[in-house]
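Just input_10.txt here, compact mmCIF, C-alpha atoms:
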# COMPACT_ATOMS: atom_id res chain seq x y z
CA MET A 14 0.00 0.00 0.00
CA LYS A 15 2.85 2.39 0.83
CA ASN A 16 4.42 1.65 -2.53
CA LEU A 17 1.19 2.41 -4.33
CA VAL A 18 0.79 5.75 -2.50
CA ARG A 19 4.43 6.62 -3.24
CA PHE A 20 3.98 5.66 -6.91
CA LEU A 21 0.82 7.78 -7.24
CA TRP A 22 2.53 10.70 -5.50
CA ILE A 23 5.56 10.50 -7.88
CA LEU A 24 3.22 10.13 -10.84
CA SER A 25 1.26 13.25 -9.80
CA VAL A 26 4.52 15.23 -9.33
CA PHE A 27 5.62 14.26 -12.86
CA ALA A 28 2.20 15.12 -14.27
CA LEU A 29 2.26 18.51 -12.56
CA ALA A 30 5.83 19.18 -13.76
CA SER A 31 4.83 18.21 -17.30
CA MET A 32 1.83 20.56 -17.23
CA LEU A 33 3.98 23.44 -15.94
CA ALA A 34 6.62 22.85 -18.61
CA THR A 35 3.96 22.83 -21.32
CA ALA A 36 2.44 26.04 -19.97
CA GLN A 37 5.84 27.75 -19.81
CA THR A 38 6.67 26.71 -23.36
CA ALA A 39 3.33 28.03 -24.61
CA SER A 40 3.70 31.34 -22.74
CA ARG A 41 7.32 31.68 -23.92
CA LYS A 42 6.13 31.32 -27.51
CA LYS A 43 3.59 34.09 -26.97
CA LEU A 44 6.18 36.41 -25.39
CA GLN A 45 8.80 36.03 -28.09
CA PRO A 46 9.07 39.21 -30.15
CA ARG A 47 8.12 38.98 -33.77
CA LEU A 48 11.02 39.19 -36.14
CA PRO A 49 11.02 42.39 -38.21
CA PRO A 50 9.79 41.83 -41.74
CA ASN A 51 12.39 41.63 -44.46
CA GLN A 52 12.64 45.15 -45.82
CA ALA A 53 13.22 43.79 -49.30
CA ASP A 54 9.60 42.54 -49.24
CA PHE A 55 8.26 46.10 -49.12
CA PRO A 56 8.59 48.87 -51.68
CA PRO A 57 10.78 51.78 -50.56
CA ALA A 58 9.00 54.69 -48.90
CA LYS A 59 8.55 57.83 -50.96
CA PHE A 60 9.88 60.99 -49.38
CA SER A 61 11.99 64.00 -50.20
CA ILE A 62 14.73 65.76 -48.25
CA GLU A 63 15.38 69.48 -48.58
CA LEU A 64 18.50 71.04 -47.11
CA SER A 65 18.90 74.75 -46.42
CA ALA A 66 21.35 77.02 -44.61
CA LEU A 67 20.43 80.14 -42.69
CA SER A 68 23.75 81.57 -43.79
CA THR A 69 26.11 80.17 -46.40
CA ALA A 70 29.22 81.87 -45.02
CA ALA A 71 30.92 81.88 -41.62
CA GLY A 72 34.33 82.41 -40.15
CA VAL A 73 36.44 79.54 -38.80
CA GLY A 74 34.93 78.55 -35.44
CA GLU A 75 31.66 80.44 -35.96
CA ASP A 76 28.31 78.70 -35.79
CA LEU A 77 26.95 77.59 -39.13
CA GLU A 78 23.46 76.11 -38.98
CA VAL A 79 21.79 73.98 -41.64
CA GLU A 80 18.28 72.61 -41.59
CA PHE A 81 16.89 69.55 -43.29
CA THR A 82 13.22 68.93 -43.94
CA ILE A 83 11.89 65.47 -44.73
CA THR A 84 8.53 65.39 -46.52
CA ASN A 85 6.40 62.29 -46.89
CA THR A 86 5.39 62.04 -50.57
CA ASP A 87 3.93 58.56 -50.15
CA ASP A 88 0.27 57.63 -49.68
CA HIS A 89 0.85 56.12 -46.21
CA ASP A 90 2.73 57.05 -43.04
CA ILE A 91 6.49 56.70 -42.95
CA LEU A 92 8.37 56.21 -39.70
CA TYR A 93 10.92 58.71 -38.50
CA SER A 94 12.52 57.45 -35.33
CA HIS A 95 15.65 59.51 -34.74
CA PRO A 96 17.42 62.62 -36.09
CA ARG A 97 20.42 60.45 -36.99
CA GLU A 98 18.37 58.68 -39.65
CA ILE A 99 19.37 61.66 -41.75
CA SER A 100 23.13 61.87 -42.07
CA LEU A 101 25.06 64.79 -43.46
CA GLU A 102 27.86 64.52 -45.97
CA VAL A 103 30.26 67.46 -45.89
CA ARG A 104 32.95 67.67 -48.59
CA ASP A 105 35.72 70.16 -49.26
CA SER A 106 36.33 71.82 -52.63
CA LEU A 107 38.35 68.77 -53.78
CA GLY A 108 35.49 66.39 -52.99
CA ASN A 109 37.13 64.89 -49.88
CA GLU A 110 34.88 64.08 -46.94
CA VAL A 111 35.33 66.39 -43.96
CA ALA A 112 36.09 64.52 -40.73
CA PRO A 113 33.57 64.67 -37.91
CA THR A 114 34.45 66.30 -34.62
CA PRO A 115 34.55 64.16 -31.46
CA TYR A 116 31.06 65.48 -30.70
CA GLY A 117 29.89 64.51 -34.20
CA LEU A 118 31.27 61.00 -33.74
CA THR A 119 29.60 60.63 -30.35
CA ALA A 120 26.29 61.97 -31.58
CA THR A 121 26.35 59.66 -34.61
CA TYR A 122 27.80 56.46 -33.19
CA GLY A 123 27.56 56.84 -29.43
CA LEU A 124 24.81 56.48 -26.86
CA ALA A 125 22.91 59.45 -28.25
CA THR A 126 21.61 57.21 -31.05
CA ALA A 127 20.24 54.54 -28.72
CA ILE A 128 17.23 56.41 -27.39
CA SER A 129 14.85 58.58 -29.34
CA VAL A 130 12.38 61.19 -28.21
CA PHE A 131 11.58 62.13 -31.81
CA GLY A 132 10.02 58.87 -32.97
CA GLY A 133 6.75 58.79 -34.75
CA PRO A 134 5.03 58.68 -38.09
CA ILE A 135 5.15 61.35 -40.74
CA HIS A 136 1.73 61.42 -42.36
CA PRO A 137 1.26 61.68 -46.14
CA GLY A 138 2.06 65.22 -47.27
CA ALA A 139 3.46 66.22 -43.87
CA SER A 140 7.01 67.43 -43.23
CA LEU A 141 9.41 67.34 -40.32
CA GLY A 142 12.43 69.60 -39.93
CA ARG A 143 15.57 69.50 -37.81
CA SER A 144 18.60 71.78 -37.59
CA VAL A 145 22.28 70.98 -37.05
CA LEU A 146 25.30 73.13 -36.22
CA LEU A 147 27.81 72.05 -38.86
CA ASN A 148 30.83 73.45 -37.05
CA LYS A 149 29.91 71.42 -33.96
CA GLU A 150 29.64 68.16 -35.92
CA PHE A 151 32.38 68.59 -38.55
CA LYS A 152 35.95 69.91 -38.54
CA LEU A 153 35.40 73.08 -40.52
CA ASN A 154 38.64 74.63 -39.26
CA LYS A 155 40.13 75.53 -42.66
CA PRO A 156 38.94 78.35 -44.90
CA GLY A 157 37.41 77.25 -48.17
CA ASP A 158 34.27 76.16 -49.99
CA TYR A 159 32.36 73.11 -48.82
CA THR A 160 29.29 71.23 -50.02
CA VAL A 161 26.73 69.76 -47.66
CA GLN A 162 24.13 67.13 -48.52
CA ALA A 163 21.61 65.24 -46.37
CA VAL A 164 21.19 61.49 -46.93
CA ARG A 165 18.65 58.95 -45.65
CA GLN A 166 18.58 55.23 -46.35
CA ASN A 167 15.41 54.30 -48.21
CA SER A 168 15.78 50.52 -48.41
CA LEU A 169 18.47 47.93 -47.88
CA SER A 170 20.32 49.12 -50.97
CA THR A 171 19.11 52.62 -51.83
CA PHE A 172 19.78 56.04 -50.35
CA LEU A 173 17.90 59.25 -51.02
CA LYS A 174 19.93 62.48 -51.10
CA SER A 175 18.93 66.09 -50.71
CA ASN A 176 19.98 69.07 -52.74
CA LEU A 177 23.55 70.32 -52.36
CA VAL A 178 24.21 73.45 -50.29
CA LEU A 179 27.44 75.36 -50.88
CA ILE A 180 28.99 77.00 -47.82
CA THR A 181 32.10 79.12 -47.46
CA ILE A 182 34.36 79.20 -44.43
CA THR A 183 36.43 82.37 -44.19
CA PRO A 184 39.55 82.99 -42.08
Have the structure of the file written as structure tokens, please.
Amino acid sequence: MKNLVRFLWILSVFALASMLATAQTASRKKLQPRLPPNQADFPPAKFSIELSALSTAAGVGEDLEVEFTITNTDDHDILYSHPREISLEVRDSLGNEVAPTPYGLTATYGLATAISVFGGPIHPGASLGRSVLLNKEFKLNKPGDYTVQAVRQNSLSTFLKSNLVLITITP
């Protein structure tokens, strides 16, 4: 009789353990995040980027502000999650890329890109603008002419570029 009670007790413990394991597996499946869809399965979003400068000339070390505006030209919302989705390309008169400042590197590749307070949809026909101090983000410490262009990735393999803005740094 003791053996039968012990057997039934062990059997009930195994049954309970099996039920808990099944429940955990089922709940774990529900909690797993969905994998993001393959971007290649969707057509690229339609948008435009316009770049402008409040002033196209500044002295070495002076503030030089540019503003980009992204406009949704598609028939559905597009997501804009962080100002760093739009990168700036600054080139000197020979076409060489201008190096970023330590601040520019940190803002682009550091912790500043991990959290966004700007996220949200841009509705069809709507625009969103942001401004950047070029001299804070790029080493514009030599007099000369420079071109600036805003760029945003549109799909896995395509990038959309803004108009070019010519700026002059004076001594």
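Of the residues listed (A:Ser170, A:Thr183, A:Thr86, A:Ser25), A:Thr183 shows the shortest atom-to-atom separation from Lys155 (chain A); distances use only C-alpha atoms.
The shortest atom-to-atom distance to Ile99 (chain A), with all atoms listed in the file taken into account, belongs to A:Thr82 out of A:Asn176, A:Thr160, A:Thr82, A:Asn148.
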Exercise. Expressed in Å to a single decimal, how great is the separation between CA of Ala163 (chain A) and CA of Asn85 (chain A)?
Worked result: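 Between these atoms lies a distance of 15.5 Å.
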Which residues are close to Ala139 (chain A), i.e. within 10 Å by all atoms listed in the file, leaving aside same-chain residues fewer than 2 positions away? Reply as a short mmCIF file (atom, residue, chain, number, x, y, z; two decimals) with C-alpha atoms, in the coordinates of the input.
data_model
loop_
_atom_site.label_atom_id
_atom_site.label_comp_id
_atom_site.auth_asym_id
_atom_site.auth_seq_id
_atom_site.Cartn_x
_atom_site.Cartn_y
_atom_site.Cartn_z
CA PHE A 60 9.88 60.99 -49.38
CA ILE A 83 11.89 65.47 -44.73
CA THR A 84 8.53 65.39 -46.52
CA ASN A 85 6.40 62.29 -46.89
CA THR A 86 5.39 62.04 -50.57
CA ASP A 87 3.93 58.56 -50.15
CA ASP A 90 2.73 57.05 -43.04
CA PRO A 134 5.03 58.68 -38.09
CA ILE A 135 5.15 61.35 -40.74
CA HIS A 136 1.73 61.42 -42.36
CA PRO A 137 1.26 61.68 -46.14
CA LEU A 141 9.41 67.34 -40.32
#
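Checking A:Asp76, A:Pro156, A:Gly133, A:Leu173 one by one against Ile91 (chain A), counting all atoms listed in the file, you find the shortest gap at A:Gly133.
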For this session: Measure the distance from CA of Thr69 (chain A) to CA of Ile180 (chain A) in Å and round it to one decimal.
Result: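 Taking CA of Thr69 (chain A) as the start and CA of Ile180 (chain A) as the end point, the length is 4.5 Å.
Across A:Ala66, A:Val111, A:Val145, A:Leu118, the tightest approach to Leu179 (chain A) is made by A:Ala66 when counting all atoms listed in the file.
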Exercise. Which residue out of A:Arg104, A:Arg19, A:Lys59, A:Arg165 has the minimum interatomic distance to Phe81 (chain A) when only C-alpha atoms are used?
Worked result: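 Checking each candidate against Phe81 (chain A), we get A:Arg165 as the closest.
Rounded to one decimal, CA of Val79 (chain A) and CA of Ser61 (chain A) lie 16.4 Å from each other.
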Problem set entry | All residues 12 Å or closer to Tyr159 (chain A), all atoms listed in the file, same chain fewer than 2 positions away omitted, as a PyMOL selection string | chain A and resi 69-71+77+102-111+147-148+151-157+161-162+177-183
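Ranking A:Phe172, A:Ser144, A:Pro184, A:Ile23 by their shortest atom-to-atom distance to Leu67 (chain A), with only C-alpha atoms included, puts A:Ser144 first.
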Pop region 145-180 of chain A out of the structure in the block and write N, CA and C atoms as an mmCIF file, in the first residue's frame.
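Output file out11.cif follows:
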data_model
loop_
_atom_site.group_PDB
_atom_site.id
_atom_site.type_symbol
_atom_site.label_atom_id
_atom_site.label_comp_id
_atom_site.auth_asym_id
_atom_site.auth_seq_id
_atom_site.Cartn_x
_atom_site.Cartn_y
_atom_site.Cartn_z
ATOM 1 N N VAL A 145 21.000 71.497 -37.512
ATOM 2 C CA VAL A 145 22.281 70.978 -37.048
ATOM 3 C C VAL A 145 23.310 72.101 -37.149
ATOM 4 N N LEU A 146 24.169 72.207 -36.154
ATOM 5 C CA LEU A 146 25.297 73.130 -36.219
ATOM 6 C C LEU A 146 26.463 72.391 -36.874
ATOM 7 N N LEU A 147 26.760 72.757 -38.108
ATOM 8 C CA LEU A 147 27.807 72.052 -38.860
ATOM 9 C C LEU A 147 29.159 72.122 -38.176
ATOM 10 N N ASN A 148 29.521 73.302 -37.662
ATOM 11 C CA ASN A 148 30.834 73.454 -37.051
ATOM 12 C C ASN A 148 30.977 72.637 -35.769
ATOM 13 N N LYS A 149 29.870 72.259 -35.163
ATOM 14 C CA LYS A 149 29.907 71.420 -33.962
ATOM 15 C C LYS A 149 30.103 69.953 -34.338
ATOM 16 N N GLU A 150 29.606 69.561 -35.503
ATOM 17 C CA GLU A 150 29.643 68.161 -35.919
ATOM 18 C C GLU A 150 30.790 67.819 -36.863
ATOM 19 N N PHE A 151 31.318 68.835 -37.570
ATOM 20 C CA PHE A 151 32.382 68.585 -38.553
ATOM 21 C C PHE A 151 33.544 69.551 -38.334
ATOM 22 N N LYS A 152 34.726 69.097 -38.685
ATOM 23 C CA LYS A 152 35.946 69.906 -38.540
ATOM 24 C C LYS A 152 36.048 70.906 -39.692
ATOM 25 N N LEU A 153 35.387 72.011 -39.528
ATOM 26 C CA LEU A 153 35.405 73.079 -40.519
ATOM 27 C C LEU A 153 36.397 74.147 -40.066
ATOM 28 N N ASN A 154 37.638 73.733 -39.824
ATOM 29 C CA ASN A 154 38.641 74.632 -39.261
ATOM 30 C C ASN A 154 39.606 75.193 -40.306
ATOM 31 N N LYS A 155 39.308 74.973 -41.585
ATOM 32 C CA LYS A 155 40.135 75.529 -42.662
ATOM 33 C C LYS A 155 39.249 76.363 -43.580
ATOM 34 N N PRO A 156 39.721 77.548 -43.959
ATOM 35 C CA PRO A 156 38.941 78.352 -44.900
ATOM 36 C C PRO A 156 38.783 77.630 -46.234
ATOM 37 N N GLY A 157 37.652 77.842 -46.866
ATOM 38 C CA GLY A 157 37.410 77.245 -48.171
ATOM 39 C C GLY A 157 35.938 77.049 -48.436
ATOM 40 N N ASP A 158 35.654 76.461 -49.603
ATOM 41 C CA ASP A 158 34.272 76.157 -49.986
ATOM 42 C C ASP A 158 33.981 74.698 -49.668
ATOM 43 N N TYR A 159 32.780 74.461 -49.191
ATOM 44 C CA TYR A 159 32.355 73.114 -48.816
ATOM 45 C C TYR A 159 30.954 72.873 -49.374
ATOM 46 N N THR A 160 30.657 71.602 -49.652
ATOM 47 C CA THR A 160 29.291 71.226 -50.021
ATOM 48 C C THR A 160 28.720 70.360 -48.910
ATOM 49 N N VAL A 161 27.435 70.521 -48.688
ATOM 50 C CA VAL A 161 26.726 69.755 -47.664
ATOM 51 C C VAL A 161 25.525 69.102 -48.327
ATOM 52 N N GLN A 162 25.281 67.846 -47.982
ATOM 53 C CA GLN A 162 24.133 67.128 -48.518
ATOM 54 C C GLN A 162 23.587 66.215 -47.430
ATOM 55 N N ALA A 163 22.267 66.141 -47.321
ATOM 56 C CA ALA A 163 21.614 65.236 -46.374
ATOM 57 C C ALA A 163 21.285 63.930 -47.083
ATOM 58 N N VAL A 164 21.413 62.817 -46.349
ATOM 59 C CA VAL A 164 21.194 61.487 -46.926
ATOM 60 C C VAL A 164 20.384 60.649 -45.949
ATOM 61 N N ARG A 165 19.417 59.899 -46.464
ATOM 62 C CA ARG A 165 18.649 58.948 -45.653
ATOM 63 C C ARG A 165 18.514 57.651 -46.422
ATOM 64 N N GLN A 166 18.730 56.539 -45.720
ATOM 65 C CA GLN A 166 18.582 55.227 -46.353
ATOM 66 C C GLN A 166 17.108 54.965 -46.594
ATOM 67 N N ASN A 167 16.788 54.504 -47.816
ATOM 68 C CA ASN A 167 15.406 54.296 -48.212
ATOM 69 C C ASN A 167 15.031 52.822 -48.239
ATOM 70 N N SER A 168 15.997 51.963 -48.423
ATOM 71 C CA SER A 168 15.776 50.523 -48.406
ATOM 72 C C SER A 168 17.117 49.895 -48.077
ATOM 73 N N LEU A 169 17.196 48.583 -48.190
ATOM 74 C CA LEU A 169 18.466 47.926 -47.882
ATOM 75 C C LEU A 169 19.582 48.385 -48.799
ATOM 76 N N SER A 170 19.256 48.803 -50.006
ATOM 77 C CA SER A 170 20.316 49.119 -50.968
ATOM 78 C C SER A 170 20.219 50.518 -51.582
ATOM 79 N N THR A 171 19.234 51.301 -51.215
ATOM 80 C CA THR A 171 19.110 52.623 -51.833
ATOM 81 C C THR A 171 19.140 53.733 -50.785
ATOM 82 N N PHE A 172 19.686 54.865 -51.200
ATOM 83 C CA PHE A 172 19.776 56.043 -50.354
ATOM 84 C C PHE A 172 19.171 57.212 -51.117
ATOM 85 N N LEU A 173 18.472 58.063 -50.412
ATOM 86 C CA LEU A 173 17.900 59.253 -51.022
ATOM 87 C C LEU A 173 18.690 60.456 -50.520
ATOM 88 N N LYS A 174 19.105 61.320 -51.451
ATOM 89 C CA LYS A 174 19.929 62.479 -51.100
ATOM 90 C C LYS A 174 19.167 63.767 -51.340
ATOM 91 N N SER A 175 19.533 64.759 -50.564
ATOM 92 C CA SER A 175 18.927 66.087 -50.705
ATOM 93 C C SER A 175 19.672 66.881 -51.771
ATOM 94 N N ASN A 176 19.257 68.110 -51.916
ATOM 95 C CA ASN A 176 19.978 69.066 -52.745
ATOM 96 C C ASN A 176 21.329 69.379 -52.091
ATOM 97 N N LEU A 177 22.246 69.895 -52.873
ATOM 98 C CA LEU A 177 23.550 70.321 -52.356
ATOM 99 C C LEU A 177 23.458 71.765 -51.881
ATOM 100 N N VAL A 178 24.109 72.079 -50.782
ATOM 101 C CA VAL A 178 24.215 73.447 -50.285
ATOM 102 C C VAL A 178 25.693 73.790 -50.254
ATOM 103 N N LEU A 179 26.056 74.891 -50.847
ATOM 104 C CA LEU A 179 27.438 75.357 -50.876
ATOM 105 C C LEU A 179 27.646 76.344 -49.729
ATOM 106 N N ILE A 180 28.663 76.098 -48.921
ATOM 107 C CA ILE A 180 28.987 77.002 -47.821
ATOM 108 C C ILE A 180 30.442 77.442 -47.964
#
